[in-house]
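Printed here is entry_8.txt (compact mmCIF, C-alpha atoms and all ligand atoms):
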# COMPACT_ATOMS: atom_id res chain seq x y z
CA MET X 44 3.81 37.91 55.61
CA ALA X 45 0.44 36.23 55.61
CA SER X 46 -2.33 38.00 57.48
CA ALA X 47 -4.62 35.81 59.55
CA VAL X 48 -8.07 36.43 60.99
CA PRO X 49 -9.61 34.26 63.70
CA SER X 50 -12.72 32.42 62.50
CA ALA X 51 -15.85 31.64 64.51
CA ASN X 52 -14.52 28.21 65.55
CA GLY X 53 -11.23 29.68 66.78
CA SER X 54 -9.03 28.46 63.93
CA THR X 55 -7.08 31.02 61.96
CA ALA X 56 -8.26 31.60 58.46
CA GLN X 57 -6.09 33.47 56.04
CA ASN X 58 -6.69 36.15 53.48
CA PRO X 59 -6.18 34.22 50.20
CA LEU X 60 -4.55 37.31 48.68
CA THR X 61 -1.56 37.11 51.03
CA ARG X 62 -0.75 33.43 50.59
CA LEU X 63 1.57 33.46 47.58
CA THR X 64 4.89 35.22 47.20
CA LEU X 65 5.98 37.00 44.05
CA PRO X 66 8.54 34.28 43.17
CA GLU X 67 5.79 31.67 43.55
CA LEU X 68 3.42 33.64 41.36
CA ARG X 69 6.11 34.06 38.72
CA GLN X 70 6.22 30.28 38.33
CA ARG X 71 2.69 30.39 36.91
CA THR X 72 2.37 29.86 33.17
CA SER X 73 -0.97 31.63 32.60
CA VAL X 74 -1.23 34.72 30.41
CA LYS X 75 -1.18 37.12 33.36
CA TRP X 76 2.31 36.03 34.31
CA ARG X 77 3.78 35.18 30.91
CA ARG X 78 2.69 37.94 28.55
CA TYR X 79 5.20 40.47 29.92
CA ALA X 80 8.87 40.38 30.91
CA PRO X 81 9.73 39.17 34.43
CA ASP X 82 10.40 42.70 35.74
CA VAL X 83 6.79 43.72 35.04
CA LEU X 84 4.17 43.57 37.81
CA PRO X 85 1.05 42.24 36.05
CA LEU X 86 -2.14 43.93 37.26
CA TRP X 87 -4.06 43.56 34.03
CA VAL X 88 -6.11 40.47 32.98
CA ALA X 89 -8.79 39.24 35.44
CA GLU X 90 -6.87 36.45 37.15
CA MET X 91 -6.32 36.53 40.90
CA ASP X 92 -3.09 35.96 42.83
CA VAL X 93 -4.63 33.34 45.11
CA PRO X 94 -4.15 29.61 45.66
CA LEU X 95 -7.16 27.43 44.85
CA ALA X 96 -9.91 27.39 47.46
CA PRO X 97 -9.37 24.15 49.48
CA PRO X 98 -12.78 22.59 48.61
CA VAL X 99 -12.06 23.12 44.91
CA ALA X 100 -8.55 21.71 45.17
CA ASP X 101 -9.87 18.69 47.14
CA ALA X 102 -12.59 17.97 44.56
CA LEU X 103 -10.06 18.13 41.73
CA ARG X 104 -7.57 15.97 43.63
CA SER X 105 -10.16 13.26 44.28
CA ALA X 106 -11.15 13.27 40.62
CA ILE X 107 -7.49 12.93 39.59
CA ASP X 108 -6.87 10.18 42.17
CA LEU X 109 -9.90 8.27 40.87
CA GLY X 110 -9.03 8.88 37.25
CA ASP X 111 -12.48 10.47 37.00
CA THR X 112 -11.56 12.32 33.83
CA GLY X 113 -14.26 11.20 31.40
CA TYR X 114 -17.26 13.10 30.07
CA ALA X 115 -19.49 15.19 32.30
CA HIS X 116 -22.96 14.08 33.36
CA GLY X 117 -25.83 15.44 35.42
CA THR X 118 -27.01 18.73 36.88
CA ALA X 119 -24.81 19.04 40.01
CA TYR X 120 -23.32 22.35 38.78
CA ALA X 121 -26.73 24.01 38.30
CA GLU X 122 -27.95 22.61 41.64
CA ALA X 123 -24.92 24.06 43.42
CA LEU X 124 -25.44 27.44 41.76
CA GLY X 125 -29.14 27.33 42.65
CA ASP X 126 -28.42 26.71 46.34
CA PHE X 127 -25.70 29.40 46.39
CA ALA X 128 -28.04 31.87 44.64
CA ALA X 129 -30.84 31.20 47.12
CA GLN X 130 -28.55 31.61 50.12
CA ARG X 131 -26.62 34.66 49.00
CA TRP X 132 -29.05 36.54 46.79
CA GLY X 133 -32.47 35.25 47.84
CA TRP X 134 -33.09 33.77 44.38
CA ASN X 135 -35.66 31.25 45.55
CA ASP X 136 -37.36 30.33 42.27
CA PHE X 137 -34.12 29.34 40.51
CA ARG X 138 -35.00 26.45 38.16
CA VAL X 139 -32.35 23.82 37.44
CA ASP X 140 -34.45 22.67 34.48
CA HIS X 141 -34.11 26.16 33.00
CA THR X 142 -30.31 25.92 32.79
CA THR X 143 -27.79 24.41 30.45
CA VAL X 144 -24.02 24.01 30.67
CA VAL X 145 -21.93 25.96 28.19
CA PRO X 146 -18.14 25.98 27.67
CA ASP X 147 -17.58 29.39 29.26
CA VAL X 148 -19.47 32.63 29.76
CA MET X 149 -18.45 34.28 26.49
CA MET X 150 -19.24 31.19 24.40
CA GLY X 151 -22.53 30.95 26.28
CA ILE X 152 -23.35 34.56 25.38
CA VAL X 153 -22.61 33.87 21.71
CA GLU X 154 -24.76 30.73 21.71
CA VAL X 155 -27.67 32.55 23.37
CA LEU X 156 -27.29 35.36 20.82
CA ARG X 157 -27.58 32.76 18.08
CA LEU X 158 -30.88 31.60 19.63
CA VAL X 159 -32.56 34.99 19.97
CA THR X 160 -30.97 37.24 17.32
CA ASP X 161 -30.13 36.88 13.63
CA PRO X 162 -26.96 37.80 11.74
CA GLY X 163 -26.87 41.56 11.19
CA ASP X 164 -29.10 42.29 14.21
CA ALA X 165 -27.98 44.83 16.77
CA VAL X 166 -26.60 44.07 20.23
CA VAL X 167 -26.54 47.02 22.63
CA VAL X 168 -23.74 47.30 25.21
CA CYS X 169 -23.06 49.95 27.87
CA SER X 170 -19.62 51.33 27.13
CA PRO X 171 -16.99 51.31 28.48
CA VAL X 172 -17.36 47.57 28.89
CA TYR X 173 -15.45 44.25 28.92
CA PRO X 174 -13.68 44.28 25.51
CA PRO X 175 -14.76 40.76 24.36
CA PHE X 176 -18.35 42.08 24.28
CA TYR X 177 -17.24 43.87 21.08
CA ALA X 178 -15.00 41.12 19.69
CA PHE X 179 -17.32 38.13 20.24
CA VAL X 180 -20.50 39.93 19.18
CA SER X 181 -18.92 41.19 15.93
CA HIS X 182 -17.34 37.80 15.28
CA ALA X 183 -20.82 36.29 15.56
CA GLY X 184 -21.96 38.66 12.79
CA ARG X 185 -24.02 40.99 14.99
CA GLN X 186 -23.67 44.80 15.13
CA VAL X 187 -22.57 46.41 18.39
CA ILE X 188 -24.42 49.58 19.38
CA GLU X 189 -23.09 51.55 22.34
CA ALA X 190 -25.17 53.15 25.08
CA PRO X 191 -22.44 54.93 27.09
CA LEU X 192 -22.62 54.88 30.88
CA GLY X 193 -23.56 58.14 32.60
CA PRO X 194 -21.03 60.44 34.34
CA ASP X 195 -21.76 58.59 37.60
CA GLN X 196 -20.68 55.39 35.81
CA ARG X 197 -24.17 53.90 36.16
CA MET X 198 -26.36 52.79 33.24
CA ASP X 199 -27.91 55.80 31.53
CA LEU X 200 -31.59 55.15 30.80
CA ALA X 201 -31.91 57.96 28.25
CA ALA X 202 -28.87 56.64 26.34
CA LEU X 203 -30.30 53.12 26.50
CA ASP X 204 -33.71 54.29 25.30
CA GLU X 205 -32.07 55.89 22.27
CA ALA X 206 -29.79 52.88 21.62
CA PHE X 207 -32.72 50.45 21.89
CA ARG X 208 -34.66 52.59 19.40
CA ARG X 209 -31.71 52.56 16.96
CA ALA X 210 -31.18 48.83 17.52
CA ARG X 211 -34.62 48.11 16.09
CA GLU X 212 -33.57 49.75 12.81
CA TYR X 213 -30.88 47.09 12.21
CA GLY X 214 -33.06 44.03 12.20
CA ARG X 215 -35.97 42.16 13.65
CA ARG X 216 -34.44 40.65 16.79
CA PRO X 217 -32.10 42.99 18.71
CA ALA X 218 -30.65 42.24 22.14
CA PHE X 219 -29.10 44.04 25.10
CA LEU X 220 -25.95 42.49 26.54
CA MET X 221 -25.67 43.71 30.13
CA CYS X 222 -22.73 43.34 32.48
CA ASN X 223 -23.84 42.95 36.12
CA PRO X 224 -21.66 43.72 38.06
CA HIS X 225 -20.16 45.96 35.42
CA ASN X 226 -16.62 45.37 34.21
CA PRO X 227 -14.57 47.68 34.25
CA THR X 228 -16.29 50.13 36.66
CA GLY X 229 -17.24 47.64 39.38
CA ILE X 230 -20.78 49.07 39.57
CA VAL X 231 -23.35 46.62 40.99
CA HIS X 232 -26.71 47.46 39.41
CA ARG X 233 -29.56 48.11 41.83
CA ARG X 234 -32.96 46.45 41.67
CA ASN X 235 -34.74 49.66 40.66
CA GLU X 236 -32.22 50.19 37.83
CA LEU X 237 -32.76 46.63 36.62
CA GLU X 238 -36.53 47.07 36.75
CA ALA X 239 -36.20 50.16 34.58
CA ILE X 240 -34.04 48.19 32.12
CA ALA X 241 -36.65 45.43 31.97
CA GLU X 242 -39.41 47.95 31.29
CA LEU X 243 -37.37 49.63 28.54
CA ALA X 244 -36.35 46.34 26.91
CA CYS X 245 -39.96 45.18 26.93
CA ARG X 246 -41.17 48.46 25.42
CA HIS X 247 -38.62 48.27 22.57
CA GLY X 248 -38.83 44.50 22.13
CA LEU X 249 -35.18 43.65 22.99
CA ARG X 250 -34.11 40.41 24.64
CA VAL X 251 -31.76 40.92 27.59
CA ILE X 252 -28.69 38.74 28.24
CA SER X 253 -27.12 39.44 31.62
CA ASP X 254 -23.47 38.51 32.15
CA GLU X 255 -23.28 37.78 35.90
CA ILE X 256 -19.83 36.24 36.10
CA HIS X 257 -18.72 38.77 38.76
CA ALA X 258 -21.89 38.33 40.87
CA PRO X 259 -20.29 36.55 43.88
CA LEU X 260 -17.80 39.44 44.05
CA ALA X 261 -20.23 42.10 45.33
CA LEU X 262 -18.06 43.74 47.99
CA PRO X 263 -19.17 44.73 51.51
CA GLY X 264 -21.82 47.44 51.25
CA ALA X 265 -23.26 46.22 47.94
CA HIS X 266 -25.94 43.64 47.27
CA PHE X 267 -26.08 41.76 44.00
CA THR X 268 -29.52 41.42 42.37
CA PRO X 269 -29.83 38.60 39.80
CA TYR X 270 -31.51 40.07 36.72
CA LEU X 271 -33.86 37.11 36.39
CA THR X 272 -35.39 37.93 39.80
CA VAL X 273 -36.60 41.29 38.53
CA ALA X 274 -40.19 41.88 37.39
CA GLY X 275 -40.30 42.10 33.60
CA ALA X 276 -37.18 39.94 33.06
CA GLU X 277 -39.11 36.70 32.43
CA ASN X 278 -37.88 36.35 28.84
CA ALA X 279 -34.23 37.15 29.64
CA PHE X 280 -31.10 35.03 30.13
CA ALA X 281 -28.24 35.09 32.61
CA LEU X 282 -24.77 33.64 32.06
CA THR X 283 -22.56 32.84 34.99
CA SER X 284 -19.84 30.63 36.42
CA ALA X 285 -17.50 30.39 39.41
CA SER X 286 -14.64 31.48 37.18
CA LYS X 287 -14.00 35.02 38.45
CA ALA X 288 -14.77 34.59 42.16
CA TRP X 289 -12.74 31.39 42.58
CA ASN X 290 -10.14 31.99 39.84
CA LEU X 291 -11.13 29.06 37.63
CA ALA X 292 -10.72 30.56 34.15
CA GLY X 293 -8.48 27.65 33.17
CA LEU X 294 -11.12 25.10 34.13
CA LYS X 295 -13.82 25.83 31.59
CA ALA X 296 -17.48 25.38 32.52
CA ALA X 297 -20.32 27.91 32.72
CA LEU X 298 -24.10 27.97 32.96
CA ALA X 299 -26.78 29.65 30.88
CA VAL X 300 -29.97 30.30 32.85
CA ALA X 301 -33.29 31.18 31.22
CA GLY X 302 -36.20 33.11 32.66
CA PRO X 303 -39.54 31.24 32.53
CA GLN X 304 -40.48 32.75 29.16
CA ALA X 305 -37.03 32.03 27.69
CA ALA X 306 -36.87 28.36 28.68
CA ALA X 307 -38.25 27.21 25.32
CA ASP X 308 -35.51 29.21 23.56
CA LEU X 309 -32.84 27.64 25.75
CA ASN X 310 -34.22 24.20 24.88
CA ARG X 311 -33.26 24.93 21.28
CA MET X 312 -29.58 25.15 22.30
CA PRO X 313 -27.82 22.54 20.17
CA GLU X 314 -26.71 19.53 22.20
CA GLU X 315 -23.11 19.87 21.03
CA VAL X 316 -22.71 23.20 22.89
CA GLY X 317 -23.04 21.24 26.13
CA HIS X 318 -20.10 19.07 25.10
CA GLY X 319 -17.76 22.09 25.39
CA PRO X 320 -17.18 22.35 29.14
CA SER X 321 -14.77 19.85 30.64
CA HIS X 322 -15.76 17.34 33.32
CA LEU X 323 -12.95 18.64 35.57
CA GLY X 324 -14.22 22.19 34.98
CA ILE X 325 -17.71 21.22 36.06
CA ILE X 326 -16.32 19.44 39.15
CA ALA X 327 -14.32 22.53 40.12
CA HIS X 328 -17.13 25.05 39.57
CA THR X 329 -19.62 22.82 41.39
CA ALA X 330 -17.31 22.53 44.41
CA ALA X 331 -16.81 26.30 44.43
CA PHE X 332 -20.53 27.11 44.58
CA ARG X 333 -21.28 24.17 46.87
CA ALA X 334 -18.51 24.54 49.46
CA GLY X 335 -16.45 27.62 48.58
CA GLY X 336 -18.51 30.16 50.56
CA PRO X 337 -16.21 30.53 53.60
CA TRP X 338 -13.16 30.96 51.34
CA LEU X 339 -15.06 33.52 49.27
CA ASP X 340 -15.85 35.51 52.42
CA LEU X 341 -12.15 35.69 53.30
CA LEU X 342 -11.41 36.79 49.75
CA LEU X 343 -14.09 39.51 49.87
CA ASP X 344 -12.57 40.85 53.11
CA GLY X 345 -9.15 40.91 51.47
CA LEU X 346 -10.51 42.69 48.39
CA ASP X 347 -12.30 45.21 50.60
CA THR X 348 -9.00 45.94 52.35
CA ASN X 349 -7.26 46.31 49.00
CA ARG X 350 -9.81 48.71 47.56
CA THR X 351 -9.26 50.99 50.56
CA LEU X 352 -5.48 50.55 50.34
CA LEU X 353 -5.65 51.50 46.67
CA GLU X 354 -7.48 54.71 47.56
CA THR X 355 -4.75 55.62 50.06
CA LEU X 356 -1.96 54.74 47.65
CA LEU X 357 -3.48 56.76 44.82
CA ALA X 358 -3.96 59.79 47.07
CA LYS X 359 -0.29 59.59 48.00
CA HIS X 360 1.39 58.68 44.71
CA LEU X 361 -1.06 59.67 41.97
CA PRO X 362 -3.30 62.37 43.46
CA SER X 363 -4.64 63.55 40.10
CA VAL X 364 -5.88 60.09 39.11
CA ARG X 365 -9.61 59.75 39.79
CA TYR X 366 -10.99 56.55 41.26
CA HIS X 367 -14.56 55.61 42.18
CA ARG X 368 -14.47 52.81 44.73
CA PRO X 369 -15.86 49.78 42.94
CA GLU X 370 -18.94 48.20 44.57
CA GLY X 371 -18.01 44.78 43.24
CA THR X 372 -15.31 42.90 41.25
CA TYR X 373 -11.57 43.32 41.87
CA LEU X 374 -11.19 45.85 39.12
CA ALA X 375 -10.46 49.55 39.56
CA TRP X 376 -11.22 51.90 36.68
CA LEU X 377 -8.75 54.74 36.93
CA ASP X 378 -9.33 58.05 35.17
CA CYS X 379 -5.84 59.18 34.16
CA THR X 380 -6.92 62.02 31.87
CA ALA X 381 -5.64 64.69 34.28
CA LEU X 382 -2.11 63.25 34.00
CA GLY X 383 -2.02 64.88 30.57
CA ILE X 384 -0.19 62.00 28.97
CA ASP X 385 0.01 62.47 25.23
CA THR X 386 -1.19 59.10 24.08
CA GLY X 387 -0.28 59.68 20.46
CA ARG X 388 -3.66 58.20 19.60
CA SER X 389 -7.12 58.92 20.82
CA ASP X 390 -9.08 56.35 18.94
CA GLY X 391 -8.07 52.69 18.81
CA GLU X 392 -10.30 49.74 18.19
CA PRO X 393 -12.39 48.42 21.08
CA GLY X 394 -12.28 44.72 21.78
CA VAL X 395 -8.60 43.89 21.37
CA VAL X 396 -7.74 42.94 24.95
CA SER X 397 -3.98 42.87 24.45
CA ASP X 398 -3.69 46.29 22.79
CA VAL X 399 -1.81 48.76 25.01
CA ALA X 400 -1.81 52.53 24.40
CA GLY X 401 -2.00 55.85 26.24
CA PRO X 402 -1.46 55.88 30.02
CA ALA X 403 -1.26 52.06 30.14
CA LYS X 404 1.64 52.19 27.68
CA MET X 405 3.43 54.82 29.75
CA PHE X 406 2.95 52.78 32.96
CA LEU X 407 4.17 49.64 31.20
CA ASP X 408 7.25 51.33 29.74
CA ARG X 409 8.25 53.51 32.68
CA ALA X 410 6.83 51.78 35.79
CA ARG X 411 7.01 48.20 34.49
CA VAL X 412 3.42 47.73 35.65
CA ALA X 413 0.98 46.08 33.23
CA LEU X 414 -2.59 47.40 33.30
CA SER X 415 -5.48 47.05 30.86
CA SER X 416 -5.63 49.95 28.45
CA GLY X 417 -8.88 51.91 28.65
CA HIS X 418 -9.38 52.41 24.91
CA VAL X 419 -10.15 48.72 24.29
CA PHE X 420 -13.27 49.06 26.50
CA GLY X 421 -14.98 51.26 23.89
CA THR X 422 -16.36 54.79 24.03
CA GLY X 423 -15.44 56.49 27.29
CA GLY X 424 -12.31 54.39 27.81
CA VAL X 425 -9.58 56.57 26.29
CA GLY X 426 -7.35 58.04 29.03
CA PHE X 427 -8.37 55.36 31.56
CA VAL X 428 -6.61 52.23 32.77
CA ARG X 429 -8.11 49.18 34.51
CA LEU X 430 -6.14 47.92 37.49
CA ASN X 431 -6.69 44.42 38.91
CA PHE X 432 -6.29 44.61 42.70
CA ALA X 433 -6.74 40.89 43.39
CA THR X 434 -3.17 40.67 44.58
CA SER X 435 -1.27 41.07 47.82
CA PRO X 436 -1.15 44.46 49.55
CA ALA X 437 2.65 44.30 49.07
CA ILE X 438 2.42 43.94 45.28
CA LEU X 439 -0.33 46.56 45.08
CA THR X 440 1.80 48.99 47.08
CA ASP X 441 4.88 48.34 44.96
CA ALA X 442 2.88 48.80 41.74
CA VAL X 443 1.23 52.10 42.67
CA THR X 444 4.49 53.46 44.11
CA ARG X 445 6.22 52.64 40.82
CA MET X 446 3.36 54.25 38.89
CA GLY X 447 3.74 57.46 40.91
CA HIS X 448 7.48 57.62 40.19
CA ALA X 449 6.83 56.90 36.53
CA VAL X 450 4.57 59.93 36.22
CA GLU X 451 7.24 62.15 37.78
CA VAL X 452 9.90 60.82 35.41
CA HIS X 453 7.53 61.10 32.46
CA HIS X 454 6.69 64.74 33.20
CA ALA X 455 10.35 65.59 33.86
CA SER X 456 11.39 64.07 30.52
CA THR X 457 8.59 65.63 28.47
CA GLY X 458 8.98 69.05 30.16
C1 LIG T 1 -17.77 40.42 32.35
C2 LIG T 1 -17.00 39.21 31.95
N1 LIG T 1 -17.60 38.26 31.20
C3 LIG T 1 -16.95 37.15 30.81
C4 LIG T 1 -15.62 36.95 31.17
C5 LIG T 1 -14.92 35.74 30.65
O1 LIG T 1 -15.51 34.60 31.11
P1 LIG T 1 -15.24 33.21 30.42
O2 LIG T 1 -13.76 32.97 30.51
O3 LIG T 1 -16.06 32.26 31.20
O4 LIG T 1 -15.70 33.37 28.99
C6 LIG T 1 -14.97 37.89 31.96
C7 LIG T 1 -13.56 37.70 32.33
O5 LIG T 1 -12.94 38.51 32.92
C8 LIG T 1 -15.69 39.06 32.35
O6 LIG T 1 -15.10 40.00 33.10
So, in terms of structure tokens, how does the structure I just supplied come out?
Amino acid sequence: MASAVPSANGSTAQNPLTRLTLPELRQRTSVKWRRYAPDVLPLWVAEMDVPLAPPVADALRSAIDLGDTGYAHGTAYAEALGDFAAQRWGWNDFRVDHTTVVPDVMMGIVEVLRLVTDPGDAVVVCSPVYPPFYAFVSHAGRQVIEAPLGPDQRMDLAALDEAFRRAREYGRRPAFLMCNPHNPTGIVHRRNELEAIAELACRHGLRVISDEIHAPLALPGAHFTPYLTVAGAENAFALTSASKAWNLAGLKAALAVAGPQAAADLNRMPEEVGHGPSHLGIIAHTAAFRAGGPWLDLLLDGLDTNRTLLETLLAKHLPSVRYHRPEGTYLAWLDCTALGIDTGRSDGEPGVVSDVAGPAKMFLDRARVALSSGHVFGTGGVGFVRLNFATSPAILTDAVTRMGHAVEVHHASTG
């Protein structure tokens, strides 16, 4: 049943997470719904179980009706992001002329790395972190150095200081690839933390690249701070898109944004990189930032409800699993180490998104619930699973109930 909340003008606006039924979702052909057998509830890859936001669907429909499917032109996407960033985050000196379109956030990160680092140089990441940070950085011929998060899941300045020092030993032009908000923990970095990062990066001579794809998904109680608004971040870059917050991963188009002292570097971005995003992608992402705010607010309310529901469900069905409420994103990072599941392996290679081991394998086999396996997120990930709660409360409830039963059956069968 769809839940409805009255809006200011009296109409009823619906939680986007309750709009689609399971049979409808199973008709989707994206990887979330097709990688596993039809009896599996997929709560793994970062796709949401929502219909398109109406302004995005309308913009795409008009383009299709007009046959407006040629090559992209202009700066409407960056202008829409700039207005959204000013309104939501107070980013008032956002410069459209310091941006460039890139095919997607990960390709944008790789292209920025090519501008400011050399092959063999080190790229520091805070583990556990989004697995493609390992895969794409290594594929681009750079060396990943880990600075593990602290026990409170926040960035650890002492670990970063040490990693930045080591990074300088690899080559002339190291970088720090930051995830803000952080995937998989859902931490939204605070301004004072970001200022400390800027000071440290400046002291060690590292360029900072901030992945801000989850920025619009700061949940109630948290405030997102764009890295480029922080003192000391003038020579840094941010990469972002509407992809996560409006579920547009299939409509490729992202933006690279340079701080004032990085604009000259961004100008060196080869023209052909800007040919990667599709015109329809740019139309969709522009509409999301320009007119998708009210829909996003309904989504954030729904996600807030789900993060509380998840807490209740875990307490009931999986009381030994530890969960820090995420401050942003729709990802929950669940510490399953106390379940004592013999994973049969404690290492595993970070970066391979589809690799499933440990507790995630047990939940897949016994609960028929697909989660992301913690070990692919790097050091600190073994024994964890990442659960995507951008789904209906009904599916979330079914999944966690099944996971609870699975643990009972698992323990009964292994004595
Ligand atoms: C932190 C982070 N960066 C990048 C991406 C992927 O973005 P894109 O598809 O635009 O490369 C994701 C997807 O989940 C993500 O979580």
What residues of the protein or nucleic acid chains come within 6 Å of ligand LIG 1 (chain T) when you use only C-alpha atoms and all ligand atoms? Reply as an mmCIF file with C-alpha atoms, keeping the file's coordinate frame.
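Here's the written file pocket_25.cif:
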data_model
loop_
_atom_site.group_PDB
_atom_site.id
_atom_site.type_symbol
_atom_site.label_atom_id
_atom_site.label_comp_id
_atom_site.auth_asym_id
_atom_site.auth_seq_id
_atom_site.Cartn_x
_atom_site.Cartn_y
_atom_site.Cartn_z
ATOM 1 C CA ALA X 89 -8.790 39.240 35.440
ATOM 2 C CA ASP X 147 -17.580 29.390 29.260
ATOM 3 C CA VAL X 148 -19.470 32.630 29.760
ATOM 4 C CA MET X 149 -18.450 34.280 26.490
ATOM 5 C CA TYR X 173 -15.450 44.250 28.920
ATOM 6 C CA CYS X 222 -22.730 43.340 32.480
ATOM 7 C CA ASN X 226 -16.620 45.370 34.210
ATOM 8 C CA ASP X 254 -23.470 38.510 32.150
ATOM 9 C CA ILE X 256 -19.830 36.240 36.100
ATOM 10 C CA ALA X 292 -10.720 30.560 34.150
#
Nearby residues (all atoms listed in the file) at most 10 Å from X:His225, same-chain spacing under 5 positions excluded, as a tab-separated table (two decimals) with C-alpha atoms, in the coordinates of the input:
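Written file, part-v9.tsv:
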chain	number	residue	atom	x	y	z
X	169	CYS	CA	-23.06	49.95	27.87
X	170	SER	CA	-19.62	51.33	27.13
X	171	PRO	CA	-16.99	51.31	28.48
X	172	VAL	CA	-17.36	47.57	28.89
X	173	TYR	CA	-15.45	44.25	28.92
X	196	GLN	CA	-20.68	55.39	35.81
X	197	ARG	CA	-24.17	53.90	36.16
X	198	MET	CA	-26.36	52.79	33.24
X	230	ILE	CA	-20.78	49.07	39.57
X	231	VAL	CA	-23.35	46.62	40.99
X	232	HIS	CA	-26.71	47.46	39.41
X	254	ASP	CA	-23.47	38.51	32.15
X	255	GLU	CA	-23.28	37.78	35.90
X	256	ILE	CA	-19.83	36.24	36.10
X	257	HIS	CA	-18.72	38.77	38.76
X	258	ALA	CA	-21.89	38.33	40.87
X	369	PRO	CA	-15.86	49.78	42.94
X	370	GLU	CA	-18.94	48.20	44.57
X	371	GLY	CA	-18.01	44.78	43.24
X	372	THR	CA	-15.31	42.90	41.25
X	374	LEU	CA	-11.19	45.85	39.12
Residues near stretch 70-79 of chain X, cut-off 9 Å, all atoms listed in the file, skip fewer than 6 positions along chain, as a list in words: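 The residues that qualify are Pro85, Leu86, Trp87, Val88, Ala89, Glu90, Gly293 and Ala413 of chain X.
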Distance in Å - atom CA of X:Leu352 versus atom CA of X:Thr268: 26.9 Å
From X:Gly264, X:Gly302, X:Gly229, X:Gly336, residue lying nearest X:His367 [only C-alpha atoms]: X:Gly229
Neighbour list for stretch 93-108 of chain X as a ChimeraX atom specification, cut-off 6 Å, only C-alpha atoms, skip fewer than 2 positions in-chain: /X:59-60,91,110-111,327,330-331
